[in-house]
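See below for start-v3.txt, which holds compact mmCIF, C-alpha atoms.
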```txt
# COMPACT_ATOMS: atom_id res chain seq x y z
CA ASN A 1 0.00 0.00 0.00
CA ALA A 2 1.44 3.35 -1.04
CA GLY A 3 -1.22 5.22 0.92
CA VAL A 4 -1.64 8.80 -0.31
CA THR A 5 0.85 10.04 -2.87
CA GLN A 6 1.29 13.52 -4.32
CA THR A 7 2.93 14.62 -7.54
CA PRO A 8 5.10 16.67 -7.79
CA LYS A 9 6.93 17.15 -4.48
CA PHE A 10 8.33 20.56 -5.39
CA ARG A 11 7.49 23.11 -8.06
CA VAL A 12 8.41 26.68 -8.90
CA LEU A 13 6.04 28.68 -11.07
CA LYS A 14 6.09 32.14 -12.49
CA THR A 15 3.12 34.42 -11.86
CA GLY A 16 0.37 33.66 -14.36
CA GLN A 17 1.46 30.10 -15.15
CA SER A 18 -0.84 27.17 -14.60
CA MET A 19 -0.28 23.75 -13.13
CA THR A 20 -2.05 20.69 -11.77
CA LEU A 21 -1.22 18.82 -8.59
CA LEU A 22 -2.12 15.16 -8.56
CA CYS A 23 -3.21 13.22 -5.49
CA ALA A 24 -3.67 9.47 -5.61
CA GLN A 25 -4.82 7.03 -2.92
CA ASP A 26 -4.95 3.25 -3.04
CA MET A 27 -7.12 2.69 0.03
CA ASN A 28 -10.50 2.88 -1.75
CA HIS A 29 -11.43 5.96 0.28
CA GLU A 30 -14.55 7.91 -0.57
CA TYR A 31 -13.50 11.26 0.86
CA MET A 32 -10.58 13.31 -0.42
CA TYR A 33 -9.34 16.75 0.57
CA TRP A 34 -6.89 19.45 -0.48
CA TYR A 35 -5.37 21.66 2.24
CA ARG A 36 -2.79 24.38 2.16
CA GLN A 37 -0.35 25.07 4.98
CA ASP A 38 1.15 28.50 5.47
CA PRO A 39 3.51 29.55 8.27
CA GLY A 40 1.58 30.35 11.44
CA MET A 41 -1.76 29.45 9.85
CA GLY A 42 -2.17 25.72 10.34
CA LEU A 43 -3.88 23.77 7.57
CA ARG A 44 -6.81 25.28 5.71
CA LEU A 45 -9.21 23.40 3.49
CA ILE A 46 -9.26 24.42 -0.18
CA HIS A 47 -11.65 21.91 -1.79
CA TYR A 48 -12.95 18.47 -0.96
CA SER A 49 -14.81 15.55 -2.48
CA VAL A 50 -17.14 13.07 -0.81
CA GLY A 51 -17.19 10.68 -3.76
CA GLU A 52 -16.24 10.14 -7.38
CA GLY A 53 -17.61 12.92 -9.57
CA THR A 54 -18.34 15.27 -6.68
CA THR A 55 -16.43 18.31 -5.47
CA ALA A 56 -17.16 21.19 -3.13
CA LYS A 57 -15.53 24.37 -1.88
CA GLY A 58 -13.71 24.58 1.39
CA GLU A 59 -12.48 27.55 3.39
CA VAL A 60 -10.07 29.08 0.84
CA PRO A 61 -11.19 27.99 -2.68
CA ASP A 62 -10.45 31.15 -4.68
CA GLY A 63 -7.89 30.66 -7.45
CA TYR A 64 -8.15 26.86 -7.40
CA ASN A 65 -10.20 24.25 -9.22
CA VAL A 66 -10.48 20.52 -8.60
CA SER A 67 -11.70 17.40 -10.31
CA ARG A 68 -12.45 13.86 -9.13
CA LEU A 69 -13.03 11.85 -12.28
CA LYS A 70 -11.75 8.63 -10.70
CA LYS A 71 -12.30 7.55 -7.12
CA GLN A 72 -8.59 7.16 -6.45
CA ASN A 73 -7.48 10.53 -7.87
CA PHE A 74 -8.11 14.11 -6.82
CA LEU A 75 -6.58 16.88 -8.93
CA LEU A 76 -5.95 20.45 -7.81
CA GLY A 77 -5.50 23.05 -10.52
CA LEU A 78 -4.11 26.56 -10.47
CA GLU A 79 -5.19 28.36 -13.63
CA SER A 80 -3.15 31.54 -13.15
CA ALA A 81 -0.70 31.26 -10.29
CA ALA A 82 -0.16 34.19 -7.92
CA PRO A 83 2.56 34.75 -5.30
CA SER A 84 -0.14 34.43 -2.60
CA GLN A 85 -0.47 30.78 -3.62
CA THR A 86 3.07 30.03 -2.47
CA SER A 87 2.44 27.35 0.12
CA VAL A 88 2.74 23.70 1.01
CA TYR A 89 -0.20 21.71 -0.32
CA PHE A 90 -1.44 18.55 1.36
CA CYS A 91 -3.85 16.01 0.04
CA ALA A 92 -5.74 13.75 2.44
CA SER A 93 -8.24 10.94 2.19
CA SER A 94 -10.52 9.05 4.55
CA TYR A 95 -12.85 6.08 4.31
CA ALA A 96 -15.70 8.07 5.79
CA GLY A 97 -16.32 10.78 8.35
CA GLY A 98 -16.66 10.57 12.08
CA LEU A 99 -13.74 9.10 13.91
CA ASN A 100 -12.14 7.75 10.73
CA GLU A 101 -8.59 8.91 10.30
CA GLN A 102 -7.67 11.28 7.52
CA TYR A 103 -4.50 10.00 5.86
CA PHE A 104 -2.22 12.68 4.51
CA GLY A 105 0.16 12.72 1.58
CA PRO A 106 3.75 13.98 1.94
CA GLY A 107 2.93 17.46 0.66
CA THR A 108 3.90 19.57 -2.34
CA ARG A 109 5.96 22.71 -1.83
CA LEU A 110 4.91 25.31 -4.41
CA THR A 111 6.69 28.61 -4.92
CA VAL A 112 5.23 31.27 -7.19
CA THR A 113 7.66 34.02 -8.19
CA ALA B 1 -18.28 28.25 11.93
CA GLN B 2 -16.12 26.13 14.11
CA THR B 3 -12.77 27.48 15.24
CA VAL B 4 -9.85 25.80 16.99
CA THR B 5 -7.40 27.74 19.15
CA GLN B 6 -3.99 26.59 20.30
CA SER B 7 -2.74 29.29 22.64
CA GLN B 8 0.84 28.04 22.94
CA PRO B 9 2.85 28.67 19.76
CA GLU B 10 5.87 26.94 21.29
CA MET B 11 6.53 24.61 24.20
CA SER B 12 9.58 22.81 25.46
CA VAL B 13 10.07 19.80 27.70
CA GLN B 14 12.96 17.84 29.12
CA GLU B 15 13.38 14.29 27.91
CA ALA B 16 11.45 11.85 30.14
CA GLU B 17 9.26 14.63 31.56
CA THR B 18 5.57 15.29 30.95
CA VAL B 19 4.13 18.13 28.91
CA THR B 20 0.58 19.27 28.20
CA LEU B 21 -0.47 21.07 25.03
CA SER B 22 -3.63 23.16 25.14
CA CYS B 23 -6.50 23.29 22.67
CA THR B 24 -9.86 24.99 22.86
CA TYR B 25 -12.58 25.07 20.22
CA ASP B 26 -15.79 26.85 19.50
CA THR B 27 -18.86 25.03 18.18
CA SER B 28 -22.61 24.90 18.50
CA GLU B 29 -22.76 21.19 17.68
CA SER B 30 -23.37 18.62 20.37
CA ASP B 31 -21.72 15.70 18.60
CA TYR B 32 -18.34 15.96 16.93
CA TYR B 33 -14.85 14.49 16.86
CA LEU B 34 -11.49 15.81 18.00
CA PHE B 35 -8.01 14.87 16.88
CA TRP B 36 -4.37 15.59 17.58
CA TYR B 37 -1.98 15.34 14.64
CA LYS B 38 1.80 15.46 14.79
CA GLN B 39 3.95 16.96 12.04
CA PRO B 40 7.67 16.19 12.42
CA PRO B 41 10.30 17.97 10.29
CA SER B 42 9.63 15.43 7.53
CA ARG B 43 6.32 17.29 7.05
CA GLN B 44 4.26 14.09 7.17
CA MET B 45 1.02 14.52 9.16
CA ILE B 46 0.57 11.65 11.62
CA LEU B 47 -2.51 10.96 13.71
CA VAL B 48 -1.66 10.87 17.43
CA ILE B 49 -5.01 10.42 19.14
CA ARG B 50 -8.75 10.93 18.61
CA GLN B 51 -11.85 11.41 20.74
CA GLU B 52 -15.58 11.28 20.21
CA ALA B 53 -17.42 14.13 21.91
CA TYR B 54 -20.19 11.97 23.31
CA LYS B 55 -17.71 9.69 25.10
CA GLN B 56 -16.91 10.87 28.61
CA GLN B 57 -13.81 8.72 28.96
CA ASN B 58 -10.58 10.38 27.89
CA ALA B 59 -8.72 8.66 25.04
CA THR B 60 -5.28 7.17 25.64
CA GLU B 61 -2.67 5.88 23.21
CA ASN B 62 0.47 4.63 24.96
CA ARG B 63 2.29 7.75 26.26
CA PHE B 64 -0.32 10.11 24.80
CA SER B 65 -3.56 10.97 26.55
CA VAL B 66 -6.14 13.71 26.37
CA ASN B 67 -8.08 15.72 28.89
CA PHE B 68 -11.45 16.34 27.24
CA GLN B 69 -13.66 18.88 28.98
CA LYS B 70 -16.80 19.17 26.84
CA ALA B 71 -18.48 21.95 28.79
CA ALA B 72 -15.31 24.04 28.67
CA LYS B 73 -14.71 23.08 25.02
CA SER B 74 -11.19 22.06 25.87
CA PHE B 75 -9.13 19.18 24.47
CA SER B 76 -5.57 19.16 25.82
CA LEU B 77 -2.88 16.61 24.93
CA LYS B 78 -0.59 15.15 27.56
CA ILE B 79 2.66 13.51 26.52
CA SER B 80 4.27 11.43 29.23
CA ASP B 81 7.90 10.27 29.34
CA SER B 82 8.77 12.63 26.48
CA GLN B 83 11.21 11.34 23.91
CA LEU B 84 13.43 13.15 21.42
CA GLY B 85 11.27 11.76 18.64
CA ASP B 86 8.25 13.62 20.03
CA ALA B 87 9.72 16.91 18.82
CA ALA B 88 7.32 18.21 16.19
CA MET B 89 4.48 20.58 15.43
CA TYR B 90 1.26 19.40 17.04
CA PHE B 91 -2.09 20.33 15.57
CA CYS B 92 -5.44 20.06 17.26
CA ALA B 93 -8.33 19.48 14.86
CA TYR B 94 -12.11 19.42 15.02
CA ARG B 95 -14.19 17.33 12.66
CA THR B 96 -17.66 18.46 11.70
CA GLN B 97 -20.61 16.09 11.65
CA GLY B 98 -22.26 15.30 8.33
CA GLY B 99 -21.64 16.98 4.99
CA SER B 100 -17.97 17.46 4.25
CA GLU B 101 -16.71 15.83 7.42
CA LYS B 102 -13.83 18.24 7.07
CA LEU B 103 -11.11 18.90 9.63
CA VAL B 104 -10.72 22.39 11.09
CA PHE B 105 -7.18 22.84 12.39
CA GLY B 106 -5.62 25.02 15.00
CA LYS B 107 -2.46 26.93 14.17
CA GLY B 108 -0.23 24.44 15.91
CA THR B 109 2.20 24.21 18.82
CA LYS B 110 5.87 23.60 18.19
CA LEU B 111 7.22 21.16 20.76
CA THR B 112 10.94 21.00 21.50
CA VAL B 113 12.34 18.11 23.53
CA ASN B 114 15.59 18.87 25.32
CA PRO B 115 18.02 16.03 26.10
```

Can you dump the structure from the file as structure tokens?
Amino acid sequence: NAGVTQTPKFRVLKTGQSMTLLCAQDMNHEYMYWYRQDPGMGLRLIHYSVGEGTTAKGEVPDGYNVSRLKKQNFLLGLESAAPSQTSVYFCASSYAGGLNEQYFGPGTRLTVT
Amino acid sequence: AQTVTQSQPEMSVQEAETVTLSCTYDTSESDYYLFWYKQPPSRQMILVIRQEAYKQQNATENRFSVNFQKAAKSFSLKISDSQLGDAAMYFCAYRTQGGSEKLVFGKGTKLTVNP
């Protein structure tokens, strides 16, 4: 079991460029999440999905789009990157809600210059 | 909206001693779930312990235990017999009921363990 994997691990973008972050999980989890972590801010939810084909906005969705075409994959897109999107991005998945653990990927460090 | 507050940005403890990390939260829900996650320098988020709000008994996992005070909306983490490997950022998180089942995180406490 690889658990939750994220691609790429590091990326540097210029302002205005676009990119897609890929999250994959092999645990057959229904729920998947994208968070961003900024210094002194903890983790904040960007978008989430409660099943294949569904997505919804989290706390800080502006500037991001997501897609969940396959149950095991959750993609996070930046259409026109801005310096304010410099952050570490974490993907997570869980079997269900409640007391079920959210499993996190290793993170992607994105720098926008 | 639910909020989670960790009032101690940094804490330190001597190896083998006990330390308590504070967490308070704000919610109008009566049933919910609380978690402590650890983030070592590797950046990997690791679940430490979890608690259901309707359970009175405090959760325990080896050297880690919580003091859950529902009326006070407090969920502190106690680490006993601290080890060098416990050094990390610790995040308290609240999980909503129904809908997104998302986690709302506090800003974290950086724990240093001194040899």

Residues of range 42-85 of chain B that approach range 2-9 of chain A to 12 Å or less, counting only C-alpha atoms: could you list each one with the shortest pair of atoms and its distance in Å to one decimal, rows by chain and increasing residue number, as a Markdown table?
```
| residue | atom | partner | partner_atom | distance |
| --- | --- | --- | --- | --- |
| B:Arg43 | CA | A:Lys9 | CA | 11.5 |
| B:Gln44 | CA | A:Val4 | CA | 10.9 |
| B:Met45 | CA | A:Val4 | CA | 11.4 |
```

Query raised in the report: Given the choices A:Leu75, A:Met41, A:Ala24, A:Ile46, which gets closest to Phe104 in chain A if the distance is worked out from all atoms listed in the file?
Result: A:Ala24

Report task. Can you work out which one of B:Thr3, B:Gln97, B:Thr60, B:Thr27 has the shortest atom-to-atom distance to chain A, counting all atoms listed in the file? Result ->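 Between B:Thr3, B:Gln97, B:Thr60, B:Thr27, the residue approaching chain A most closely is B:Gln97.
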
Do you know which residues are at most 8 Å from Leu77 in chain B counting all atoms listed in the file, after dropping those on the same chain fewer than 3 positions away, and could you put them as a PDB file with C-alpha atoms, in the coordinates of the input?
```pdb
ATOM      1  CA  THR B  20       0.580  19.270  28.200  1.00  0.00           C
ATOM      2  CA  LEU B  21      -0.470  21.070  25.030  1.00  0.00           C
ATOM      3  CA  SER B  22      -3.630  23.160  25.140  1.00  0.00           C
ATOM      4  CA  CYS B  23      -6.500  23.290  22.670  1.00  0.00           C
ATOM      5  CA  TRP B  36      -4.370  15.590  17.580  1.00  0.00           C
ATOM      6  CA  PHE B  64      -0.320  10.110  24.800  1.00  0.00           C
ATOM      7  CA  SER B  65      -3.560  10.970  26.550  1.00  0.00           C
ATOM      8  CA  VAL B  66      -6.140  13.710  26.370  1.00  0.00           C
ATOM      9  CA  ASN B  67      -8.080  15.720  28.890  1.00  0.00           C
TER      10      ASN B  67
END
```

Requested in this report: Find the residues in chain A near chain B: any atom within 12 Å counts, using only C-alpha atoms. Write them as a PyMOL selection string.
Outcome: chain A and resi 4-6+9+30-51+54-59+88-109

For those residues, write C-alpha atoms to a file as an mmCIF file, keeping the file's coordinate frame.
```cif
data_model
loop_
_atom_site.group_PDB
_atom_site.id
_atom_site.type_symbol
_atom_site.label_atom_id
_atom_site.label_comp_id
_atom_site.auth_asym_id
_atom_site.auth_seq_id
_atom_site.Cartn_x
_atom_site.Cartn_y
_atom_site.Cartn_z
ATOM 1 C CA VAL A 4 -1.640 8.800 -0.310
ATOM 2 C CA THR A 5 0.850 10.040 -2.870
ATOM 3 C CA GLN A 6 1.290 13.520 -4.320
ATOM 4 C CA LYS A 9 6.930 17.150 -4.480
ATOM 5 C CA GLU A 30 -14.550 7.910 -0.570
ATOM 6 C CA TYR A 31 -13.500 11.260 0.860
ATOM 7 C CA MET A 32 -10.580 13.310 -0.420
ATOM 8 C CA TYR A 33 -9.340 16.750 0.570
ATOM 9 C CA TRP A 34 -6.890 19.450 -0.480
ATOM 10 C CA TYR A 35 -5.370 21.660 2.240
ATOM 11 C CA ARG A 36 -2.790 24.380 2.160
ATOM 12 C CA GLN A 37 -0.350 25.070 4.980
ATOM 13 C CA ASP A 38 1.150 28.500 5.470
ATOM 14 C CA PRO A 39 3.510 29.550 8.270
ATOM 15 C CA GLY A 40 1.580 30.350 11.440
ATOM 16 C CA MET A 41 -1.760 29.450 9.850
ATOM 17 C CA GLY A 42 -2.170 25.720 10.340
ATOM 18 C CA LEU A 43 -3.880 23.770 7.570
ATOM 19 C CA ARG A 44 -6.810 25.280 5.710
ATOM 20 C CA LEU A 45 -9.210 23.400 3.490
ATOM 21 C CA ILE A 46 -9.260 24.420 -0.180
ATOM 22 C CA HIS A 47 -11.650 21.910 -1.790
ATOM 23 C CA TYR A 48 -12.950 18.470 -0.960
ATOM 24 C CA SER A 49 -14.810 15.550 -2.480
ATOM 25 C CA VAL A 50 -17.140 13.070 -0.810
ATOM 26 C CA GLY A 51 -17.190 10.680 -3.760
ATOM 27 C CA THR A 54 -18.340 15.270 -6.680
ATOM 28 C CA THR A 55 -16.430 18.310 -5.470
ATOM 29 C CA ALA A 56 -17.160 21.190 -3.130
ATOM 30 C CA LYS A 57 -15.530 24.370 -1.880
ATOM 31 C CA GLY A 58 -13.710 24.580 1.390
ATOM 32 C CA GLU A 59 -12.480 27.550 3.390
ATOM 33 C CA VAL A 88 2.740 23.700 1.010
ATOM 34 C CA TYR A 89 -0.200 21.710 -0.320
ATOM 35 C CA PHE A 90 -1.440 18.550 1.360
ATOM 36 C CA CYS A 91 -3.850 16.010 0.040
ATOM 37 C CA ALA A 92 -5.740 13.750 2.440
ATOM 38 C CA SER A 93 -8.240 10.940 2.190
ATOM 39 C CA SER A 94 -10.520 9.050 4.550
ATOM 40 C CA TYR A 95 -12.850 6.080 4.310
ATOM 41 C CA ALA A 96 -15.700 8.070 5.790
ATOM 42 C CA GLY A 97 -16.320 10.780 8.350
ATOM 43 C CA GLY A 98 -16.660 10.570 12.080
ATOM 44 C CA LEU A 99 -13.740 9.100 13.910
ATOM 45 C CA ASN A 100 -12.140 7.750 10.730
ATOM 46 C CA GLU A 101 -8.590 8.910 10.300
ATOM 47 C CA GLN A 102 -7.670 11.280 7.520
ATOM 48 C CA TYR A 103 -4.500 10.000 5.860
ATOM 49 C CA PHE A 104 -2.220 12.680 4.510
ATOM 50 C CA GLY A 105 0.160 12.720 1.580
ATOM 51 C CA PRO A 106 3.750 13.980 1.940
ATOM 52 C CA GLY A 107 2.930 17.460 0.660
ATOM 53 C CA THR A 108 3.900 19.570 -2.340
ATOM 54 C CA ARG A 109 5.960 22.710 -1.830
#
```

Query - Nearest-residue call for Thr112 in chain B, choices B:Asn62, B:Gln83, B:Gln6, B:Gln56, using all atoms listed in the file - result: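 The answer is B:Gln83, which sits nearest to Thr112 in chain B.
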
Query - Residue contacts of Thr86 in chain A (8 Å, only C-alpha atoms) excluding same-chain residues fewer than 3 positions away, as a ChimeraX atom specification - result: /A:82-83,109-112

Query - Point (-4.8, 0.6, 2.6) neighbourhood (7 Å, only C-alpha atoms) written as number ranges by chain - result: A: 1, 3, 26-27

Could you turn the residues from that selection into a file that holds C-alpha atoms, as a PDB file, in the coordinates of the input?
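Everything below was put into selection.pdb:
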```pdb
ATOM      1  CA  ASN A   1       0.000   0.000   0.000  1.00  0.00           C
ATOM      2  CA  GLY A   3      -1.220   5.220   0.920  1.00  0.00           C
ATOM      3  CA  ASP A  26      -4.950   3.250  -3.040  1.00  0.00           C
ATOM      4  CA  MET A  27      -7.120   2.690   0.030  1.00  0.00           C
TER       5      MET A  27
END
```
